[in-house]
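A.B. asks: Handing over work_3.pdb, PDB, C-alpha atoms.
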MODEL        1
ATOM      1  CA  MET F   1     -26.339   6.631 -12.046
ATOM      2  CA  SER F   2     -23.925   6.007  -9.171
ATOM      3  CA  ASP F   3     -22.622   2.469  -8.621
ATOM      4  CA  ILE F   4     -22.442   3.063  -4.856
ATOM      5  CA  PRO F   5     -25.838   1.445  -4.017
ATOM      6  CA  ARG F   6     -24.875  -1.635  -6.020
ATOM      7  CA  ALA F   7     -21.456  -1.727  -4.352
ATOM      8  CA  VAL F   8     -23.066  -1.559  -0.904
ATOM      9  CA  GLN F   9     -25.464  -4.356  -1.824
ATOM     10  CA  LEU F  10     -22.601  -6.547  -3.061
ATOM     11  CA  LEU F  11     -20.567  -5.944   0.091
ATOM     12  CA  ARG F  12     -23.559  -6.894   2.244
ATOM     13  CA  GLN F  13     -23.941 -10.058   0.171
ATOM     14  CA  GLY F  14     -20.338 -10.997   0.927
ATOM     15  CA  GLU F  15     -18.910 -10.117  -2.476
ATOM     16  CA  LEU F  16     -15.729  -8.254  -3.401
ATOM     17  CA  VAL F  17     -15.734  -4.636  -4.587
ATOM     18  CA  ALA F  18     -12.639  -2.794  -5.832
ATOM     19  CA  LEU F  19     -12.569   0.805  -4.664
ATOM     20  CA  PRO F  20     -10.328   3.786  -5.399
ATOM     21  CA  THR F  21      -8.402   5.510  -2.640
ATOM     22  CA  GLU F  22      -5.838   8.285  -2.763
ATOM     23  CA  THR F  23      -3.050   5.720  -2.353
ATOM     24  CA  VAL F  24      -3.877   2.676  -4.526
ATOM     25  CA  TYR F  25      -7.019   0.782  -5.484
ATOM     26  CA  GLY F  26      -8.226  -1.587  -2.785
ATOM     27  CA  LEU F  27      -9.945  -4.961  -2.994
ATOM     28  CA  GLY F  28     -12.750  -4.531  -0.495
ATOM     29  CA  ALA F  29     -14.913  -6.888   1.549
ATOM     30  CA  ASP F  30     -17.105  -6.554   4.631
ATOM     31  CA  ALA F  31     -14.487  -6.657   7.385
ATOM     32  CA  LEU F  32     -16.927  -8.291   9.827
ATOM     33  CA  ASN F  33     -17.745 -11.160   7.440
ATOM     34  CA  PRO F  34     -14.990 -13.820   7.582
ATOM     35  CA  ASP F  35     -16.355 -15.625   4.524
ATOM     36  CA  ALA F  36     -16.195 -12.407   2.491
ATOM     37  CA  VAL F  37     -12.715 -11.622   3.784
ATOM     38  CA  ALA F  38     -11.590 -15.123   2.771
ATOM     39  CA  LYS F  39     -12.496 -14.224  -0.821
ATOM     40  CA  ILE F  40      -9.876 -11.449  -0.721
ATOM     41  CA  PHE F  41      -7.146 -13.943   0.058
ATOM     42  CA  ALA F  42      -8.361 -16.330  -2.645
ATOM     43  CA  ALA F  43      -8.612 -13.613  -5.305
ATOM     44  CA  LYS F  44      -5.171 -12.208  -4.554
ATOM     45  CA  GLY F  45      -3.410 -15.491  -3.842
ATOM     46  CA  ARG F  46      -2.459 -13.894  -0.519
ATOM     47  CA  PRO F  47      -1.257 -15.967   2.471
ATOM     48  CA  SER F  48      -3.935 -16.026   5.175
ATOM     49  CA  ASP F  49      -1.596 -14.854   7.950
ATOM     50  CA  HIS F  50      -1.075 -11.485   6.256
ATOM     51  CA  PRO F  51      -3.254  -8.887   8.018
ATOM     52  CA  LEU F  52      -5.534  -6.499   6.161
ATOM     53  CA  ILE F  53      -6.199  -2.793   6.687
ATOM     54  CA  VAL F  54      -9.759  -1.872   7.636
ATOM     55  CA  HIS F  55     -11.035   1.293   5.952
ATOM     56  CA  LEU F  56     -13.470   3.485   7.893
ATOM     57  CA  ALA F  57     -15.764   6.372   6.953
ATOM     58  CA  ASP F  58     -14.526   8.581   9.795
ATOM     59  CA  ALA F  59     -12.439   8.574  12.952
ATOM     60  CA  GLY F  60     -15.536   8.195  15.103
ATOM     61  CA  GLN F  61     -15.669   4.513  14.146
ATOM     62  CA  ILE F  62     -12.318   3.708  15.760
ATOM     63  CA  MET F  63     -13.861   2.528  19.021
ATOM     64  CA  THR F  64     -15.790  -0.171  17.150
ATOM     65  CA  TRP F  65     -12.520  -1.720  16.010
ATOM     66  CA  ALA F  66      -9.915  -0.846  18.654
ATOM     67  CA  ARG F  67     -10.150  -1.506  22.379
ATOM     68  CA  GLU F  68      -7.286   0.855  23.210
ATOM     69  CA  VAL F  69      -7.025   4.259  21.539
ATOM     70  CA  PRO F  70      -4.040   6.191  22.936
ATOM     71  CA  LYS F  71      -3.766   9.973  22.779
ATOM     72  CA  ASP F  72      -1.205   9.654  19.980
ATOM     73  CA  ALA F  73      -3.781   7.861  17.838
ATOM     74  CA  ILE F  74      -6.348  10.596  18.400
ATOM     75  CA  ALA F  75      -3.793  13.293  17.564
ATOM     76  CA  LEU F  76      -2.649  11.580  14.361
ATOM     77  CA  ALA F  77      -6.213  10.858  13.246
ATOM     78  CA  ARG F  78      -7.161  14.504  13.725
ATOM     79  CA  ALA F  79      -4.099  15.650  11.803
ATOM     80  CA  PHE F  80      -4.069  13.206   8.885
ATOM     81  CA  TRP F  81      -7.488  11.577   8.424
ATOM     82  CA  PRO F  82      -8.871  11.350   5.849
ATOM     83  CA  GLY F  83      -5.461  10.600   4.398
ATOM     84  CA  PRO F  84      -2.675   8.118   3.667
ATOM     85  CA  LEU F  85      -2.012   7.029   7.255
ATOM     86  CA  THR F  86      -2.777   3.635   8.822
ATOM     87  CA  LEU F  87      -2.763   3.235  12.604
ATOM     88  CA  ILE F  88      -2.021  -0.113  14.249
ATOM     89  CA  LEU F  89      -4.026  -0.465  17.475
ATOM     90  CA  LYS F  90      -5.099  -3.208  19.855
ATOM     91  CA  LYS F  91      -8.165  -4.790  18.268
ATOM     92  CA  GLU F  92     -11.642  -5.122  19.686
ATOM     93  CA  GLU F  93     -12.745  -8.662  20.482
ATOM     94  CA  GLY F  94     -15.234  -8.834  17.608
ATOM     95  CA  VAL F  95     -12.702  -8.142  14.842
ATOM     96  CA  PRO F  96     -12.263 -11.402  12.875
ATOM     97  CA  ASP F  97      -8.891 -13.117  13.205
ATOM     98  CA  LEU F  98      -8.698 -13.438   9.426
ATOM     99  CA  VAL F  99      -8.588  -9.639   9.139
ATOM    100  CA  THR F 100      -5.723  -9.336  11.628
ATOM    101  CA  GLY F 101      -3.725 -12.392  10.626
ATOM    102  CA  GLY F 102      -4.453 -13.891  14.030
ATOM    103  CA  GLN F 103      -2.807 -10.999  15.852
ATOM    104  CA  ASP F 104      -4.217  -8.869  18.671
ATOM    105  CA  THR F 105      -3.798  -5.696  16.606
ATOM    106  CA  VAL F 106      -5.726  -4.175  13.708
ATOM    107  CA  GLY F 107      -4.768  -1.619  11.053
ATOM    108  CA  LEU F 108      -7.241   1.237  10.563
ATOM    109  CA  ARG F 109      -7.436   4.219   8.243
ATOM    110  CA  VAL F 110      -9.855   6.720   6.706
ATOM    111  CA  PRO F 111      -9.063   7.105   2.987
ATOM    112  CA  ASN F 112      -9.083  10.509   1.324
ATOM    113  CA  HIS F 113     -11.054   9.776  -1.828
ATOM    114  CA  PRO F 114     -14.642  10.930  -2.479
ATOM    115  CA  VAL F 115     -15.764   7.619  -3.984
ATOM    116  CA  ALA F 116     -14.269   5.556  -1.156
ATOM    117  CA  LEU F 117     -15.774   7.823   1.492
ATOM    118  CA  GLU F 118     -19.194   7.763  -0.162
ATOM    119  CA  LEU F 119     -19.080   3.970  -0.232
ATOM    120  CA  LEU F 120     -17.940   3.667   3.379
ATOM    121  CA  ARG F 121     -20.591   6.075   4.635
ATOM    122  CA  ALA F 122     -23.321   4.263   2.750
ATOM    123  CA  PHE F 123     -22.075   0.855   3.897
ATOM    124  CA  GLY F 124     -21.886   1.980   7.508
ATOM    125  CA  SER F 125     -19.125  -0.366   8.634
ATOM    126  CA  GLY F 126     -15.479  -1.186   8.004
ATOM    127  CA  VAL F 127     -14.212  -2.490   4.674
ATOM    128  CA  ALA F 128     -11.080  -4.633   4.659
ATOM    129  CA  ALA F 129      -9.167  -3.649   1.542
ATOM    130  CA  PRO F 130      -5.615  -4.595   0.583
ATOM    131  CA  SER F 131      -4.323  -3.500  -2.815
ATOM    132  CA  ALA F 132      -6.447  -4.878  -5.677
ATOM    133  CA  ASN F 133      -3.771  -6.934  -7.399
ATOM    134  CA  ARG F 134      -2.266 -10.397  -7.292
ATOM    135  CA  PHE F 135      -0.190 -10.890  -4.159
ATOM    136  CA  GLY F 136       3.322  -9.459  -4.376
ATOM    137  CA  ARG F 137       2.744  -7.721  -7.706
ATOM    138  CA  ILE F 138       2.675  -4.042  -8.663
ATOM    139  CA  SER F 139      -0.133  -2.202  -6.909
ATOM    140  CA  PRO F 140      -2.940  -0.772  -9.093
ATOM    141  CA  THR F 141      -3.428   2.973  -9.385
ATOM    142  CA  THR F 142      -6.234   2.932 -11.985
ATOM    143  CA  ALA F 143      -9.402   0.897 -12.454
ATOM    144  CA  GLU F 144      -7.910  -0.595 -15.621
ATOM    145  CA  HIS F 145      -4.985  -1.971 -13.617
ATOM    146  CA  VAL F 146      -7.513  -3.799 -11.418
ATOM    147  CA  ARG F 147      -9.269  -5.237 -14.462
ATOM    148  CA  GLN F 148      -5.958  -6.467 -15.851
ATOM    149  CA  GLU F 149      -4.961  -8.068 -12.551
ATOM    150  CA  LEU F 150      -8.163  -9.563 -11.188
ATOM    151  CA  GLY F 151     -10.700  -9.684 -14.036
ATOM    152  CA  GLN F 152     -13.743 -11.681 -12.953
ATOM    153  CA  ARG F 153     -12.402 -12.299  -9.447
ATOM    154  CA  VAL F 154     -14.053  -9.030  -8.323
ATOM    155  CA  ALA F 155     -17.797  -8.425  -8.554
ATOM    156  CA  LEU F 156     -17.561  -4.663  -9.178
ATOM    157  CA  ILE F 157     -14.818  -2.111  -9.811
ATOM    158  CA  LEU F 158     -15.601   1.464  -8.805
ATOM    159  CA  ASP F 159     -13.693   3.768 -11.146
ATOM    160  CA  GLY F 160     -12.438   6.864  -9.337
ATOM    161  CA  GLY F 161      -9.710   7.848 -11.787
ATOM    162  CA  ALA F 162      -5.982   7.696 -11.151
ATOM    163  CA  CYS F 163      -4.905   7.649  -7.504
ATOM    164  CA  ALA F 164      -3.644  11.009  -6.264
ATOM    165  CA  VAL F 165      -0.751   9.696  -4.140
ATOM    166  CA  GLY F 166       0.110   6.443  -5.890
ATOM    167  CA  LEU F 167       1.955   4.717  -3.014
ATOM    168  CA  GLU F 168       0.457   2.802  -0.108
ATOM    169  CA  SER F 169      -0.241   4.515   3.208
ATOM    170  CA  THR F 170       2.288   5.125   5.944
ATOM    171  CA  ILE F 171       1.739   2.540   8.698
ATOM    172  CA  VAL F 172       2.367   3.632  12.298
ATOM    173  CA  ASP F 173       2.226   1.121  15.133
ATOM    174  CA  LEU F 174       0.716   2.611  18.285
ATOM    175  CA  SER F 175      -0.074  -0.682  19.988
ATOM    176  CA  ARG F 176       2.957  -0.872  22.269
ATOM    177  CA  GLY F 177       3.384   2.598  23.744
ATOM    178  CA  VAL F 178       6.135   3.720  21.357
ATOM    179  CA  PRO F 179       5.146   5.043  17.891
ATOM    180  CA  VAL F 180       6.932   3.037  15.206
ATOM    181  CA  ILE F 181       6.738   3.508  11.439
ATOM    182  CA  LEU F 182       6.314   0.016  10.019
ATOM    183  CA  ARG F 183       5.896   1.133   6.396
ATOM    184  CA  PRO F 184       6.954   4.529   4.996
ATOM    185  CA  GLY F 185       4.561   6.519   2.879
ATOM    186  CA  ALA F 186       3.567  10.033   1.906
ATOM    187  CA  ILE F 187       3.304  11.054   5.567
ATOM    188  CA  GLY F 188       6.868  11.012   6.837
ATOM    189  CA  ALA F 189       8.578  10.820  10.203
ATOM    190  CA  ASP F 190       8.931  14.619  10.337
ATOM    191  CA  ASP F 191       5.187  15.050   9.735
ATOM    192  CA  ILE F 192       4.389  12.658  12.567
ATOM    193  CA  ALA F 193       6.941  14.258  14.871
ATOM    194  CA  ARG F 194       5.339  17.665  14.389
ATOM    195  CA  VAL F 195       2.047  16.263  15.673
ATOM    196  CA  LEU F 196       3.340  14.064  18.504
ATOM    197  CA  GLY F 197       6.179  16.287  19.661
ATOM    198  CA  ARG F 198       8.681  13.438  19.306
ATOM    199  CA  ARG F 199      10.052  11.405  16.441
ATOM    200  CA  PRO F 200       8.620   7.955  15.798
ATOM    201  CA  ARG F 201      10.988   5.036  15.605
ATOM    202  CA  LEU F 202      11.558   3.194  12.354
ATOM    203  CA  ARG F 203      10.942  -0.507  11.824
ATOM    204  CA  GLY F 204      13.986  -2.501  12.842
ATOM    205  CA  GLU F 205      15.304  -0.003  15.334
ATOM    206  CA  VAL F 206      15.998  -1.653  18.661
ATOM    207  CA  ASP F 207      15.972   0.084  22.004
ATOM    208  CA  ALA F 208      16.996  -2.453  24.603
ATOM    209  CA  GLY F 209      14.395  -2.885  27.274
ATOM    210  CA  ASN F 210      11.384  -1.303  25.558
ATOM    211  CA  ALA F 211       8.483  -2.602  23.508
ATOM    212  CA  ALA F 212       9.718  -1.251  20.172
ATOM    213  CA  GLU F 213      12.011  -4.206  19.600
ATOM    214  CA  GLU F 214      11.702  -5.842  16.210
ATOM    215  CA  GLY F 215      10.633  -9.168  17.697
ATOM    216  CA  ALA F 216       7.470  -7.554  19.060
ATOM    217  CA  THR F 217       6.571  -5.785  15.809
ATOM    218  CA  PRO F 218       3.123  -6.677  14.437
ATOM    219  CA  ARG F 219       2.926  -8.089  10.921
ATOM    220  CA  VAL F 220       1.606  -5.517   8.459
ATOM    221  CA  SER F 221       0.907  -5.214   4.754
ATOM    222  CA  GLY F 222       3.842  -4.616   2.436
ATOM    223  CA  ALA F 223       6.544  -5.698   4.879
ATOM    224  CA  LEU F 224       7.876  -8.713   2.992
ATOM    225  CA  ALA F 225      11.300  -8.401   1.398
ATOM    226  CA  ALA F 226       9.732  -9.174  -1.998
ATOM    227  CA  HIS F 227       6.706  -7.083  -2.937
ATOM    228  CA  TYR F 228       5.375  -4.562  -5.514
ATOM    229  CA  ALA F 229       7.271  -6.595  -8.114
ATOM    230  CA  PRO F 230       7.207  -6.783 -11.927
ATOM    231  CA  ARG F 231       7.679 -10.110 -13.686
ATOM    232  CA  THR F 232      10.573  -8.577 -15.608
ATOM    233  CA  PRO F 233      13.865  -8.614 -13.647
ATOM    234  CA  LEU F 234      14.401  -5.217 -12.016
ATOM    235  CA  GLU F 235      17.732  -3.883 -10.827
ATOM    236  CA  LEU F 236      18.565  -0.719  -8.890
ATOM    237  CA  VAL F 237      21.596   1.009 -10.365
ATOM    238  CA  ALA F 238      23.634   3.994  -9.181
ATOM    239  CA  THR F 239      23.172   7.197 -11.185
ATOM    240  CA  ASP F 240      26.690   7.263 -12.635
ATOM    241  CA  ALA F 241      26.483   3.611 -13.734
ATOM    242  CA  LEU F 242      23.051   3.696 -15.307
ATOM    243  CA  ALA F 243      23.983   4.419 -18.926
ATOM    244  CA  VAL F 244      27.059   2.190 -18.695
ATOM    245  CA  GLN F 245      25.165  -0.884 -17.509
ATOM    246  CA  ALA F 246      22.208  -0.538 -19.888
ATOM    247  CA  ARG F 247      22.212  -3.059 -22.714
ATOM    248  CA  VAL F 248      20.178  -3.378 -25.896
ATOM    249  CA  GLY F 249      16.759  -4.680 -24.923
ATOM    250  CA  ASP F 250      16.767  -3.018 -21.504
ATOM    251  CA  ALA F 251      14.318  -0.428 -20.222
ATOM    252  CA  VAL F 252      15.640   2.332 -17.965
ATOM    253  CA  LEU F 253      13.696   4.401 -15.456
ATOM    254  CA  ALA F 254      15.723   7.485 -14.583
ATOM    255  CA  ARG F 255      15.238  10.935 -13.135
ATOM    256  CA  GLY F 256      17.354  12.577 -15.812
ATOM    257  CA  PRO F 257      17.023  12.934 -19.589
ATOM    258  CA  VAL F 258      18.370  10.497 -22.169
ATOM    259  CA  PRO F 259      22.191  10.761 -22.145
ATOM    260  CA  ALA F 260      24.034  11.599 -25.346
ATOM    261  CA  GLY F 261      25.268   8.570 -27.220
ATOM    262  CA  LEU F 262      22.877   6.052 -25.668
ATOM    263  CA  ALA F 263      22.776   2.935 -27.837
ATOM    264  CA  ASP F 264      19.746   2.241 -29.990
ATOM    265  CA  GLY F 265      17.464  -0.461 -28.619
ATOM    266  CA  ILE F 266      17.451   0.880 -25.048
ATOM    267  CA  THR F 267      14.190   2.355 -23.756
ATOM    268  CA  TRP F 268      14.871   5.365 -21.529
ATOM    269  CA  VAL F 269      11.977   6.736 -19.469
ATOM    270  CA  GLN F 270      12.414   9.968 -17.521
ATOM    271  CA  ALA F 271      10.502  10.055 -14.237
ATOM    272  CA  PRO F 272       9.714  13.156 -12.161
ATOM    273  CA  ALA F 273      12.670  14.372 -10.137
ATOM    274  CA  ASP F 274      10.633  15.156  -7.007
ATOM    275  CA  PRO F 275       9.627  12.339  -4.620
ATOM    276  CA  ALA F 276       5.892  13.063  -4.648
ATOM    277  CA  GLY F 277       5.695  13.144  -8.439
ATOM    278  CA  TYR F 278       7.945  10.107  -8.728
ATOM    279  CA  GLY F 279       5.822   8.133  -6.278
ATOM    280  CA  HIS F 280       2.600   9.146  -8.000
ATOM    281  CA  ASP F 281       3.832   7.763 -11.332
ATOM    282  CA  LEU F 282       5.914   4.823 -10.089
ATOM    283  CA  TYR F 283       3.496   1.903 -10.286
ATOM    284  CA  ALA F 284       1.996   2.979 -13.605
ATOM    285  CA  ARG F 285       5.494   3.305 -15.097
ATOM    286  CA  LEU F 286       6.588  -0.069 -13.714
ATOM    287  CA  ARG F 287       3.497  -1.705 -15.185
ATOM    288  CA  SER F 288       4.172  -0.128 -18.553
ATOM    289  CA  LEU F 289       7.816  -1.191 -18.558
ATOM    290  CA  ASP F 290       6.886  -4.684 -17.375
ATOM    291  CA  ALA F 291       4.551  -5.033 -20.354
ATOM    292  CA  SER F 292       7.057  -3.609 -22.851
ATOM    293  CA  GLY F 293       8.926  -6.843 -23.476
ATOM    294  CA  ALA F 294      12.191  -5.475 -22.059
ATOM    295  CA  ALA F 295      14.795  -7.990 -20.960
ATOM    296  CA  ARG F 296      15.528  -6.026 -17.779
ATOM    297  CA  ILE F 297      14.261  -2.927 -16.028
ATOM    298  CA  LEU F 298      17.088  -0.779 -14.713
ATOM    299  CA  VAL F 299      15.975   1.817 -12.183
ATOM    300  CA  GLU F 300      18.125   4.706 -11.043
ATOM    301  CA  ALA F 301      18.553   4.274  -7.297
ATOM    302  CA  PRO F 302      16.660   6.990  -5.401
ATOM    303  CA  PRO F 303      18.519   9.517  -3.258
ATOM    304  CA  ALA F 304      19.318   8.495   0.316
ATOM    305  CA  ALA F 305      17.086  11.186   1.824
ATOM    306  CA  PRO F 306      14.086  10.953   4.182
ATOM    307  CA  GLU F 307      11.669  12.353   1.615
ATOM    308  CA  TRP F 308      12.545   9.457  -0.717
ATOM    309  CA  ALA F 309      12.053   6.745   1.948
ATOM    310  CA  ALA F 310       8.706   5.487   0.615
ATOM    311  CA  VAL F 311       9.960   5.274  -2.984
ATOM    312  CA  ALA F 312      13.176   3.553  -1.865
ATOM    313  CA  ASP F 313      11.182   1.048   0.173
ATOM    314  CA  ARG F 314       8.931   0.103  -2.760
ATOM    315  CA  LEU F 315      11.788  -0.126  -5.274
ATOM    316  CA  GLY F 316      13.934  -2.229  -2.958
ATOM    317  CA  ARG F 317      11.139  -4.760  -2.456
ATOM    318  CA  ALA F 318      10.253  -4.698  -6.160
ATOM    319  CA  ALA F 319      13.840  -5.588  -7.052
ATOM    320  CA  VAL F 320      13.877  -8.546  -4.658
ATOM    321  CA  GLY F 321      10.594  -9.946  -5.953
ATOM    322  CA  SER F 322      11.071  -9.243  -9.652
ATOM    323  CA  GLY F 323      11.661 -11.829 -12.343
ATOM    324  CA  GLU F 324       9.376 -14.462 -10.782
ATOM    325  CA  ASP F 325       6.030 -15.701 -12.043
ATOM    326  CA  ASP F 326       2.948 -15.943  -9.863
ATOM    327  CA  GLU F 327       3.415 -19.618  -9.203
ATOM    328  CA  THR F 328       6.887 -18.972  -7.806
TER
ENDMDL
END
Represent the structure of the file as structure tokens.

C.D. replies:
Amino acid sequence: MSDIPRAVQLLRQGELVALPTETVYGLGADALNPDAVAKIFAAKGRPSDHPLIVHLADAGQIMTWAREVPKDAIALARAFWPGPLTLILKKEEGVPDLVTGGQDTVGLRVPNHPVALELLRAFGSGVAAPSANRFGRISPTTAEHVRQELGQRVALILDGGACAVGLESTIVDLSRGVPVILRPGAIGADDIARVLGRRPRLRGEVDAGNAAEEGATPRVSGALAAHYAPRTPLELVATDALAVQARVGDAVLARGPVPAGLADGITWVQAPADPAGYGHDLYARLRSLDASGAARILVEAPPAAPEWAAVADRLGRAAVGSGEDDET
């Protein structure tokens, strides 16, 4: 028997439901119920000024949540929804401030996962759903990861198998007239440019005199310097220095095979060499290495290429936040 009716009932009662998406598992609550949304922040240990992404069943629900829907938003929704793309738009008046972090913008997306879509259609409204993990930690890509992270903090976990993409959605800000990528993901700048006919800006780029300046950038999920982090210290290391810097007790995540002569007592894990495969496996591998008892996790720095931007973003933030406990 499907758990969807029970999940819908729990959401309507103001409870939390973990749901699978193609990116990562989300910790969902009724986005129009501030008391339910507050439970997300309590369960995750997430600061209340960090906005949440509202998940919708289809693009037709946008007008319920956004008061301004530019042509670029319509074009991107038609091209990529359902899919790993979040659009930042000016919010409708009825969207709770807790969902938006007190801002006048809201993040919206339609996930590309059959279980998530079935739930959203049955629920009939938006579900606010950040990643279903403790704040700042490695995002979950299986139902078991959610159980390990949140346990009894969530009323129900819908198991939809391993996430197909494995990295959080691309976030594009369309609230200020200039499309800006605030978080890289599986949908890249080239993909967006093909739809819009012009390249989006990247977060931090400044064009004097227009609204894309960093100071005007809305706060979004996953933008902190420290995020996606293991408790084990993680360091990014150049390819040619990886084997040299590894010490007994270390775990290494590399794109190449174990080098000849590697000392005993070093765990060497070979990841996929392509960015999509690497991203799909990244969080599961980091979780495994974090639980291995290694003294350090050394990760081969990803190539400086656009197709690796999402992986590089996650690894850079993981390195900054690693080695700290939850209380820190």

A.B. asks: Set the distance at 7 Å and use all atoms listed in the file: which residues neighbour stretch 154-163 of chain F once local chain neighbours fewer than 6 positions away are removed? I'd like the list as a VMD selection string.

C.D. replies: chain F and resid 7 15 to 24 115 141 to 143

A.B. asks: I'd like to see the residues matched by the PyMOL selection byres ((chain F and resi 133-138) around 9) on this file, and ideally I'd get them as a PyMOL selection string.

C.D. replies: chain F and resi 25-27+41+43-47+130-132+139-140+145-146+148-150+222+224+226-231+283-284+286-287+318+321-322+326

A.B. asks: Out of F:Val180, F:Ala276, F:Val127, F:Met63, which residue has the shortest atom-to-atom distance to F:Pro34 when counting all atoms listed in the file?

C.D. replies: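 Smallest distance to F:Pro34 is found for F:Val127.
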
A.B. asks: Given the PyMOL selection byres ((chain F and resi 112) around 6) and the file above, list the residues it selects as a list in words.

C.D. replies: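 Listing what the PyMOL selection byres ((chain F and resi 112) around 6) selects in the shown file: Glu22, Pro82, Gly83, Pro111 and His113 of chain F.
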
A.B. asks: Any idea what's packed within 8 Å of stretch 69-74 of chain F, counting all atoms listed in the file, ignoring anything in its chain fewer than 5 positions away? Could you give it as a PyMOL selection string?

C.D. replies: chain F and resi 62-63+87+89-90+174+196

A.B. asks: Which residue is closest to F:Asp49? Choose from F:Pro233, F:Gly151, F:Pro259, F:Pro218 and count all atoms listed in the file.

C.D. replies: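 Ranking F:Pro233, F:Gly151, F:Pro259, F:Pro218 by distance to F:Asp49, first place goes to F:Pro218.
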
A.B. asks: Tell me, in Å to one decimal, how far atom CA of F:Ile266 is from atom CA of F:Thr239.

C.D. replies: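 Taking atom CA of F:Ile266 as the start and atom CA of F:Thr239 as the end point, the length is 16.3 Å.
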
A.B. asks: Determine, counting all atoms listed in the file, which protein, DNA and RNA residues have an atom within 10 Å of an atom of F:Gly277; residues of the same chain fewer than 6 positions away are not included. Present the result as a ChimeraX atom specification.

C.D. replies: /F:164-166,271

A.B. asks: Let me know the residues the PyMOL selection byres ((chain F and resi 293-296) around 10) catches in the file above, as a ChimeraX atom specification.

C.D. replies: /F:231-235,246-252,265-267,288-292,297-299,322-323

A.B. asks: Keeping only C-alpha atoms, write the selected residues as a PDB file, in the frame of the given file.

C.D. replies:
ATOM      1  CA  ARG F 231       7.679 -10.110 -13.686  1.00  0.00           C
ATOM      2  CA  THR F 232      10.573  -8.577 -15.608  1.00  0.00           C
ATOM      3  CA  PRO F 233      13.865  -8.614 -13.647  1.00  0.00           C
ATOM      4  CA  LEU F 234      14.401  -5.217 -12.016  1.00  0.00           C
ATOM      5  CA  GLU F 235      17.732  -3.883 -10.827  1.00  0.00           C
ATOM      6  CA  ALA F 246      22.208  -0.538 -19.888  1.00  0.00           C
ATOM      7  CA  ARG F 247      22.212  -3.059 -22.714  1.00  0.00           C
ATOM      8  CA  VAL F 248      20.178  -3.378 -25.896  1.00  0.00           C
ATOM      9  CA  GLY F 249      16.759  -4.680 -24.923  1.00  0.00           C
ATOM     10  CA  ASP F 250      16.767  -3.018 -21.504  1.00  0.00           C
ATOM     11  CA  ALA F 251      14.318  -0.428 -20.222  1.00  0.00           C
ATOM     12  CA  VAL F 252      15.640   2.332 -17.965  1.00  0.00           C
ATOM     13  CA  GLY F 265      17.464  -0.461 -28.619  1.00  0.00           C
ATOM     14  CA  ILE F 266      17.451   0.880 -25.048  1.00  0.00           C
ATOM     15  CA  THR F 267      14.190   2.355 -23.756  1.00  0.00           C
ATOM     16  CA  SER F 288       4.172  -0.128 -18.553  1.00  0.00           C
ATOM     17  CA  LEU F 289       7.816  -1.191 -18.558  1.00  0.00           C
ATOM     18  CA  ASP F 290       6.886  -4.684 -17.375  1.00  0.00           C
ATOM     19  CA  ALA F 291       4.551  -5.033 -20.354  1.00  0.00           C
ATOM     20  CA  SER F 292       7.057  -3.609 -22.851  1.00  0.00           C
ATOM     21  CA  ILE F 297      14.261  -2.927 -16.028  1.00  0.00           C
ATOM     22  CA  LEU F 298      17.088  -0.779 -14.713  1.00  0.00           C
ATOM     23  CA  VAL F 299      15.975   1.817 -12.183  1.00  0.00           C
ATOM     24  CA  SER F 322      11.071  -9.243  -9.652  1.00  0.00           C
ATOM     25  CA  GLY F 323      11.661 -11.829 -12.343  1.00  0.00           C
TER      26      GLY F 323
END

A.B. asks: Which neighbours of stretch 91-103 of chain F fall inside 7 Å, counting all atoms listed in the file, when residues of the same chain fewer than 4 positions from it are skipped, and could you give them as a ChimeraX atom specification?

C.D. replies: /F:31-32,34,48-52,64-67

A.B. asks: Using only C-alpha atoms, which of the listed residues (F:Val220, F:Ala193, F:Ile4, F:Ala301) sits closest to F:Asp240?

C.D. replies: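 When distances to F:Asp240 are compared using only C-alpha atoms, the smallest one comes from F:Ala301.
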
A.B. asks: Return the single residue from F:Arg12, F:Arg183, F:Arg285, F:Arg6 that is closest to F:Thr86, with distances computed using all atoms listed in the file.

C.D. replies: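 Nearest candidate to F:Thr86 out of F:Arg12, F:Arg183, F:Arg285, F:Arg6: F:Arg183.
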
A.B. asks: Rounded to one decimal place, report the atom CA of F:Val106-atom CA of F:Pro184 distance in Å.

C.D. replies: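 Separation between atom CA of F:Val106 and atom CA of F:Pro184: 17.7 Å.
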
A.B. asks: Work out where the centre of an axis-aligned box around every listed atom of stretch 79-84 of chain F lies and how long its edges are once 5 Å is added on each side; give both in Å to one decimal as JSON.

C.D. replies:
{"center_x": -5.8, "center_y": 11.9, "center_z": 7.7, "size_x": 16.2, "size_y": 17.5, "size_z": 18.1}

A.B. asks: Just checking: using all atoms listed in the file, which residue out of F:Ile171, F:Pro84, F:Thr105, F:Lys39 ends up closest to F:Ser221?

C.D. replies: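 Answer, going by the shortest atom-to-atom distance: F:Ile171.
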
A.B. asks: Quick one: pull the distance between atom CA of F:Pro257 and atom CA of F:Val311, Å, one decimal.

C.D. replies: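 Taking atom CA of F:Pro257 and atom CA of F:Val311, their separation equals 19.6 Å.
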
A.B. asks: Would you list the contacts of stretch 302-309 of chain F as an MDAnalysis selection string, taking every protein, DNA or RNA residue within 9 Å and counting only C-alpha atoms, but skipping same-chain residues closer than 2 positions in sequence?

C.D. replies: chainID F and resid 184:186 188:190 236 238:239 255 274:276 279 299:300 311:315
